[in-house]
$ cat entry_12.cif   # mmCIF, C-alpha atoms, pLDDT in the B column; chains and numbers go by the auth columns
data_final
loop_
_atom_site.group_PDB
_atom_site.id
_atom_site.type_symbol
_atom_site.label_atom_id
_atom_site.label_comp_id
_atom_site.label_asym_id
_atom_site.label_seq_id
_atom_site.Cartn_x
_atom_site.Cartn_y
_atom_site.Cartn_z
_atom_site.B_iso_or_equiv
_atom_site.auth_seq_id
_atom_site.auth_asym_id
ATOM 1 C CA MET A 1 202.318 44.652 -33.670 96.00 395 A
ATOM 2 C CA GLY A 2 203.130 40.998 -34.067 95.00 396 A
ATOM 3 C CA VAL A 3 205.052 38.154 -32.552 95.00 397 A
ATOM 4 C CA SER A 4 208.541 38.416 -31.132 92.00 398 A
ATOM 5 C CA GLY A 5 211.162 38.940 -33.813 92.00 399 A
ATOM 6 C CA CYS A 6 208.853 40.600 -36.347 95.00 400 A
ATOM 7 C CA GLY A 7 210.573 43.972 -35.938 94.00 401 A
ATOM 8 C CA LYS A 8 208.123 45.910 -33.755 95.00 402 A
ATOM 9 C CA THR A 9 210.787 47.879 -31.895 94.00 403 A
ATOM 10 C CA THR A 10 213.018 48.617 -34.870 94.00 404 A
ATOM 11 C CA ILE A 11 210.188 49.437 -37.284 96.00 405 A
ATOM 12 C CA GLY A 12 208.220 51.329 -34.630 96.00 406 A
ATOM 13 C CA ALA A 13 211.183 53.522 -33.724 96.00 407 A
ATOM 14 C CA ARG A 14 211.843 54.264 -37.402 96.00 408 A
ATOM 15 C CA LEU A 15 208.171 55.043 -37.990 95.00 409 A
ATOM 16 C CA ALA A 16 208.108 57.418 -35.022 94.00 410 A
ATOM 17 C CA GLU A 17 211.172 59.217 -36.369 94.00 411 A
ATOM 18 C CA THR A 18 209.723 59.428 -39.900 93.00 412 A
ATOM 19 C CA LEU A 19 206.475 60.853 -38.517 91.00 413 A
ATOM 20 C CA GLY A 20 208.474 63.775 -37.155 89.00 414 A
ATOM 21 C CA GLY A 21 210.129 62.455 -34.032 90.00 415 A
ATOM 22 C CA VAL A 22 206.864 61.566 -32.308 90.00 416 A
ATOM 23 C CA PRO A 23 206.917 59.578 -29.054 92.00 417 A
ATOM 24 C CA PHE A 24 207.791 55.878 -29.324 96.00 418 A
ATOM 25 C CA ILE A 25 206.808 53.407 -26.631 97.00 419 A
ATOM 26 C CA ASP A 26 208.517 50.022 -26.513 96.00 420 A
ATOM 27 C CA ALA A 27 205.969 47.865 -24.687 96.00 421 A
ATOM 28 C CA ASP A 28 208.646 45.277 -23.860 93.00 422 A
ATOM 29 C CA ALA A 29 210.194 47.846 -21.512 95.00 423 A
ATOM 30 C CA LEU A 30 206.953 47.877 -19.508 97.00 424 A
ATOM 31 C CA HIS A 31 206.839 44.145 -18.723 95.00 425 A
ATOM 32 C CA PRO A 32 206.993 43.457 -14.991 95.00 426 A
ATOM 33 C CA ALA A 33 210.006 41.488 -13.778 95.00 427 A
ATOM 34 C CA ALA A 34 207.884 38.362 -13.252 96.00 428 A
ATOM 35 C CA ASN A 35 206.895 38.318 -16.941 94.00 429 A
ATOM 36 C CA ILE A 36 210.489 38.782 -18.066 92.00 430 A
ATOM 37 C CA GLU A 37 211.685 35.986 -15.789 94.00 431 A
ATOM 38 C CA LYS A 38 208.935 33.694 -17.046 93.00 432 A
ATOM 39 C CA MET A 39 209.748 34.327 -20.720 90.00 433 A
ATOM 40 C CA THR A 40 213.489 33.978 -20.085 91.00 434 A
ATOM 41 C CA ARG A 41 212.795 30.509 -18.652 92.00 435 A
ATOM 42 C CA GLY A 42 210.814 29.641 -21.784 91.00 436 A
ATOM 43 C CA GLU A 43 207.403 29.744 -20.093 94.00 437 A
ATOM 44 C CA SER A 44 204.523 31.208 -22.083 92.00 438 A
ATOM 45 C CA LEU A 45 202.613 34.150 -20.714 92.00 439 A
ATOM 46 C CA VAL A 46 198.899 33.703 -20.087 93.00 440 A
ATOM 47 C CA ASP A 47 196.165 36.312 -19.910 94.00 441 A
ATOM 48 C CA SER A 48 196.658 36.829 -16.173 95.00 442 A
ATOM 49 C CA ASP A 49 200.280 37.795 -16.978 96.00 443 A
ATOM 50 C CA ARG A 50 199.378 39.946 -19.954 95.00 444 A
ATOM 51 C CA TRP A 51 196.470 42.075 -18.668 96.00 445 A
ATOM 52 C CA PRO A 52 198.439 43.995 -16.006 97.00 446 A
ATOM 53 C CA TRP A 53 201.176 44.595 -18.580 97.00 447 A
ATOM 54 C CA LEU A 54 198.642 45.800 -21.165 96.00 448 A
ATOM 55 C CA SER A 55 197.216 48.138 -18.524 95.00 449 A
ATOM 56 C CA ALA A 56 200.699 49.599 -18.061 97.00 450 A
ATOM 57 C CA VAL A 57 201.045 49.998 -21.843 96.00 451 A
ATOM 58 C CA ARG A 58 197.665 51.730 -22.047 94.00 452 A
ATOM 59 C CA ALA A 59 198.633 54.037 -19.146 94.00 453 A
ATOM 60 C CA LYS A 60 201.895 54.949 -20.904 95.00 454 A
ATOM 61 C CA ILE A 61 200.017 55.747 -24.121 92.00 455 A
ATOM 62 C CA GLU A 62 197.651 57.985 -22.151 89.00 456 A
ATOM 63 C CA GLU A 63 200.588 59.652 -20.378 91.00 457 A
ATOM 64 C CA GLU A 64 202.274 60.455 -23.702 90.00 458 A
ATOM 65 C CA ALA A 65 198.982 61.671 -25.185 86.00 459 A
ATOM 66 C CA GLN A 66 198.471 64.000 -22.229 86.00 460 A
ATOM 67 C CA LYS A 67 201.949 65.467 -22.720 86.00 461 A
ATOM 68 C CA LEU A 68 201.159 66.123 -26.374 83.00 462 A
ATOM 69 C CA LEU A 69 197.802 67.699 -25.523 81.00 463 A
ATOM 70 C CA GLU A 70 199.430 70.045 -23.037 82.00 464 A
ATOM 71 C CA GLY A 71 202.042 71.147 -25.532 77.00 465 A
ATOM 72 C CA GLN A 72 200.280 71.750 -28.827 66.00 466 A
ATOM 73 C CA ASP A 73 197.224 71.468 -31.040 54.00 467 A
ATOM 74 C CA ALA A 74 196.142 67.847 -30.824 54.00 468 A
ATOM 75 C CA SER A 75 194.298 67.742 -34.143 52.00 469 A
ATOM 76 C CA LEU A 76 196.736 65.319 -35.749 57.00 470 A
ATOM 77 C CA MET A 77 199.363 63.899 -33.442 77.00 471 A
ATOM 78 C CA TYR A 78 200.914 60.475 -33.393 87.00 472 A
ATOM 79 C CA ILE A 79 202.223 58.159 -30.747 91.00 473 A
ATOM 80 C CA VAL A 80 203.856 54.943 -31.945 95.00 474 A
ATOM 81 C CA CYS A 81 203.833 51.910 -29.672 96.00 475 A
ATOM 82 C CA GLY A 82 205.603 48.641 -30.432 97.00 476 A
ATOM 83 C CA CYS A 83 203.467 46.006 -28.700 96.00 477 A
ATOM 84 C CA SER A 84 202.708 42.388 -29.582 95.00 478 A
ATOM 85 C CA SER A 85 198.923 42.897 -29.235 95.00 479 A
ATOM 86 C CA LEU A 86 198.468 39.251 -30.136 96.00 480 A
ATOM 87 C CA LYS A 87 194.726 39.003 -29.522 96.00 481 A
ATOM 88 C CA ARG A 88 191.907 41.170 -30.794 95.00 482 A
ATOM 89 C CA SER A 89 190.710 41.708 -27.208 94.00 483 A
ATOM 90 C CA TYR A 90 194.141 43.151 -26.359 95.00 484 A
ATOM 91 C CA ARG A 91 193.985 45.506 -29.338 94.00 485 A
ATOM 92 C CA GLU A 92 190.485 46.606 -28.379 91.00 486 A
ATOM 93 C CA PHE A 93 191.665 47.355 -24.852 92.00 487 A
ATOM 94 C CA LEU A 94 194.683 49.324 -26.061 92.00 488 A
ATOM 95 C CA SER A 95 192.582 51.381 -28.447 87.00 489 A
ATOM 96 C CA ARG A 96 189.480 51.877 -26.284 78.00 490 A
ATOM 97 C CA GLY A 97 190.656 51.290 -22.748 63.00 491 A
ATOM 98 C CA ASP A 98 188.174 50.188 -20.145 60.00 492 A
ATOM 99 C CA SER A 99 185.099 51.914 -18.787 57.00 493 A
ATOM 100 C CA ASP A 100 187.145 54.577 -16.975 57.00 494 A
ATOM 101 C CA ALA A 101 185.411 57.821 -17.914 47.00 495 A
ATOM 102 C CA ASP A 102 188.554 59.819 -17.135 54.00 496 A
ATOM 103 C CA ALA A 103 190.688 57.912 -19.631 55.00 497 A
ATOM 104 C CA LEU A 104 191.734 59.738 -22.778 53.00 498 A
ATOM 105 C CA THR A 105 190.213 58.553 -26.013 52.00 499 A
ATOM 106 C CA HIS A 106 192.352 58.183 -29.085 63.00 500 A
ATOM 107 C CA ASP A 107 192.125 56.797 -32.581 78.00 501 A
ATOM 108 C CA THR A 108 194.327 53.803 -33.123 87.00 502 A
ATOM 109 C CA VAL A 109 195.525 51.937 -36.159 91.00 503 A
ATOM 110 C CA PHE A 110 197.448 48.693 -35.733 95.00 504 A
ATOM 111 C CA VAL A 111 200.249 47.808 -38.123 96.00 505 A
ATOM 112 C CA HIS A 112 200.756 44.055 -38.103 97.00 506 A
ATOM 113 C CA ILE A 113 204.184 43.008 -39.351 97.00 507 A
ATOM 114 C CA ASP A 114 203.587 39.567 -40.839 97.00 508 A
ATOM 115 C CA VAL A 115 206.811 37.557 -40.984 97.00 509 A
ATOM 116 C CA SER A 116 207.229 33.910 -41.978 97.00 510 A
ATOM 117 C CA LYS A 117 208.049 31.418 -39.243 96.00 511 A
ATOM 118 C CA GLN A 118 211.350 30.565 -40.934 96.00 512 A
ATOM 119 C CA GLU A 119 212.425 34.214 -40.958 96.00 513 A
ATOM 120 C CA LEU A 120 211.280 34.719 -37.359 95.00 514 A
ATOM 121 C CA GLU A 121 213.359 31.714 -36.256 94.00 515 A
ATOM 122 C CA ARG A 122 216.400 33.129 -38.059 93.00 516 A
ATOM 123 C CA ARG A 123 215.984 36.550 -36.454 92.00 517 A
ATOM 124 C CA LEU A 124 215.455 35.149 -32.965 90.00 518 A
ATOM 125 C CA LYS A 125 218.610 33.018 -33.230 89.00 519 A
ATOM 126 C CA GLU A 126 220.635 36.081 -34.215 88.00 520 A
ATOM 127 C CA ARG A 127 219.137 38.408 -31.596 84.00 521 A
ATOM 128 C CA LYS A 128 221.289 39.116 -28.592 81.00 522 A
ATOM 129 C CA ASP A 129 220.500 40.693 -25.216 79.00 523 A
ATOM 130 C CA HIS A 130 216.741 40.133 -25.247 79.00 524 A
ATOM 131 C CA PHE A 131 214.769 38.254 -22.610 86.00 525 A
ATOM 132 C CA PHE A 132 212.467 36.440 -25.061 85.00 526 A
ATOM 133 C CA ASN A 133 213.317 32.752 -25.259 85.00 527 A
ATOM 134 C CA PRO A 134 213.083 31.594 -28.908 85.00 528 A
ATOM 135 C CA LYS A 135 211.361 28.396 -27.685 91.00 529 A
ATOM 136 C CA LEU A 136 208.262 30.561 -27.141 90.00 530 A
ATOM 137 C CA LEU A 137 207.782 31.419 -30.813 93.00 531 A
ATOM 138 C CA ASP A 138 205.318 28.578 -31.451 95.00 532 A
ATOM 139 C CA SER A 139 203.242 29.659 -28.456 93.00 533 A
ATOM 140 C CA GLN A 140 203.058 33.224 -29.740 94.00 534 A
ATOM 141 C CA LEU A 141 202.134 32.080 -33.237 96.00 535 A
ATOM 142 C CA GLU A 142 199.345 29.927 -31.748 95.00 536 A
ATOM 143 C CA THR A 143 198.066 32.854 -29.665 95.00 537 A
ATOM 144 C CA LEU A 144 198.245 35.381 -32.523 96.00 538 A
ATOM 145 C CA GLU A 145 194.898 36.501 -33.908 96.00 539 A
ATOM 146 C CA VAL A 146 195.922 38.174 -37.144 96.00 540 A
ATOM 147 C CA PRO A 147 193.980 41.416 -37.452 95.00 541 A
ATOM 148 C CA ASP A 148 191.260 41.553 -40.064 92.00 542 A
ATOM 149 C CA PRO A 149 191.371 45.009 -41.675 90.00 543 A
ATOM 150 C CA THR A 150 187.671 44.668 -42.534 89.00 544 A
ATOM 151 C CA ARG A 151 186.776 44.347 -38.826 90.00 545 A
ATOM 152 C CA GLU A 152 189.343 46.493 -37.028 89.00 546 A
ATOM 153 C CA ALA A 153 191.577 49.461 -37.762 89.00 547 A
ATOM 154 C CA ALA A 154 194.554 47.507 -39.008 92.00 548 A
ATOM 155 C CA ILE A 155 197.133 47.342 -41.742 94.00 549 A
ATOM 156 C CA VAL A 156 198.957 44.096 -42.499 95.00 550 A
ATOM 157 C CA LEU A 157 202.466 44.395 -43.929 96.00 551 A
ATOM 158 C CA TYR A 158 204.745 41.727 -45.341 95.00 552 A
ATOM 159 C CA GLY A 159 207.777 41.706 -43.072 95.00 553 A
ATOM 160 C CA ASP A 160 210.226 39.270 -44.687 95.00 554 A
ATOM 161 C CA VAL A 161 211.997 42.143 -46.444 95.00 555 A
ATOM 162 C CA ALA A 162 214.557 44.714 -45.298 93.00 556 A
ATOM 163 C CA GLU A 163 213.561 46.755 -42.258 92.00 557 A
ATOM 164 C CA GLY A 164 213.806 49.978 -44.241 93.00 558 A
ATOM 165 C CA GLU A 165 211.232 48.706 -46.724 96.00 559 A
ATOM 166 C CA VAL A 166 208.856 47.696 -43.944 96.00 560 A
ATOM 167 C CA ALA A 167 209.322 51.019 -42.151 95.00 561 A
ATOM 168 C CA HIS A 168 208.611 52.938 -45.366 96.00 562 A
ATOM 169 C CA ALA A 169 205.540 50.809 -46.084 96.00 563 A
ATOM 170 C CA ALA A 170 204.331 51.381 -42.516 96.00 564 A
ATOM 171 C CA TYR A 171 204.731 55.145 -42.903 95.00 565 A
ATOM 172 C CA MET A 172 202.939 55.280 -46.263 95.00 566 A
ATOM 173 C CA ASN A 173 200.113 53.015 -45.109 93.00 567 A
ATOM 174 C CA VAL A 174 199.559 54.860 -41.826 92.00 568 A
ATOM 175 C CA ARG A 175 199.476 58.228 -43.602 88.00 569 A
ATOM 176 C CA ASN A 176 197.074 56.863 -46.242 88.00 570 A
ATOM 177 C CA TYR A 177 194.888 55.252 -43.581 86.00 571 A
ATOM 178 C CA VAL A 178 194.670 58.458 -41.566 81.00 572 A
ATOM 179 C CA THR A 179 193.857 60.488 -44.688 79.00 573 A
ATOM 180 C CA LYS A 180 191.127 58.083 -45.834 80.00 574 A
ATOM 181 C CA ASN A 181 189.575 57.577 -42.430 74.00 575 A
ATOM 182 C CA SER A 182 189.946 61.091 -41.018 59.00 576 A
ATOM 183 C CA LEU A 183 191.112 59.825 -37.666 47.00 577 A
#
$ encode --input "entry_12.cif" --output "structure tokens"
Amino acid sequence: MGVSGCGKTTIGARLAETLGGVPFIDADALHPAANIEKMTRGESLVDSDRWPWLSAVRAKIEEEAQKLLEGQDASLMYIVCGCSSLKRSYREFLSRGDSDADALTHDTVFVHIDVSKQELERRLKERKDHFFNPKLLDSQLETLEVPDPTREAAIVLYGDVAEGEVAHAAYMNVRNYVTKNSL
């Protein structure tokens, strides 16, 4: 999780592969067209834009979890999702869902990739073929509520290093977190 350009998709995909080829969900692929058009124009998303998208992300997580449950012992399975999850309320929704009694429950740990603004700006300038307008970086940084590992299931990683280092750190920290917390 983190702002645009932090490496959510790249690191998330590598983490999913390292965890044994588990499902990877790229939340950007679930944005409705209106959100993509808005961000392409350089307009910030607001909660009324984000909540329907987060509902779609949550539904996709539940869909993937159901597939795993139907196929094998679910005692220790992973699903990796690359999603900005900028606010704590968003993370709570993604991990707990709403009051729908039929929704699957799952343990969630968020891996926040913390990257300096200077590095984010560099990455966004170099990125091609993505709808996110780099002018929106400041808005995302203002919206970001950095997770507090003492208050929520979260790991914060330094992301200004090579992607391979971040992916390895994510893997080691997730495995250690799961072992310590018996998710």
$ closest_residue --input "entry_12.cif" --among "A:Glu437, A:Ala428, A:Val451, A:Asp420" --to "Pro528 (chain A)" --atoms "all atoms listed in the file"
A:Glu437
$ resolve_selection --input "entry_12.cif" --expression "the PyMOL selection byres ((chain A and resi 509-519) around 6)" --output "list in words"
Gly399, Cys400, Asp508, Glu520, Arg521, Pro528, Gly553 and Asp554 of chain A
$ atom_distance --input "entry_12.cif" --atom1 "CA of Gly414 (chain A)" --atom2 "CA of Phe487 (chain A)"
26.5 Å
$ resolve_selection --input "entry_12.cif" --expression "the PyMOL selection byres ((chain A and resi 529-535) around 8)" --output "VMD selection string"
chain A and resid 397 to 398 433 436 to 438 480 515 526 to 528 536 to 538
$ closest_residue --input "entry_12.cif" --among "A:Leu413, A:Val540, A:Cys475, A:Ala564" --to "Leu448 (chain A)" --atoms "only C-alpha atoms"
A:Cys475
$ resolve_selection --input "entry_12.cif" --expression "the PyMOL selection byres ((chain A and resi 407) around 10)" --output "CSV table (one decimal) with C-alpha atoms, in the frame of the given file"
chain,number,residue,atom,x,y,z
A,401,GLY,CA,210.6,44.0,-35.9
A,402,LYS,CA,208.1,45.9,-33.8
A,403,THR,CA,210.8,47.9,-31.9
A,404,THR,CA,213.0,48.6,-34.9
A,405,ILE,CA,210.2,49.4,-37.3
A,406,GLY,CA,208.2,51.3,-34.6
A,408,ARG,CA,211.8,54.3,-37.4
A,409,LEU,CA,208.2,55.0,-38.0
A,410,ALA,CA,208.1,57.4,-35.0
A,411,GLU,CA,211.2,59.2,-36.4
A,412,THR,CA,209.7,59.4,-39.9
A,413,LEU,CA,206.5,60.9,-38.5
A,415,GLY,CA,210.1,62.5,-34.0
A,416,VAL,CA,206.9,61.6,-32.3
A,417,PRO,CA,206.9,59.6,-29.1
A,418,PHE,CA,207.8,55.9,-29.3
A,419,ILE,CA,206.8,53.4,-26.6
A,420,ASP,CA,208.5,50.0,-26.5
A,474,VAL,CA,203.9,54.9,-31.9
A,475,CYS,CA,203.8,51.9,-29.7
A,476,GLY,CA,205.6,48.6,-30.4
A,561,ALA,CA,209.3,51.0,-42.2
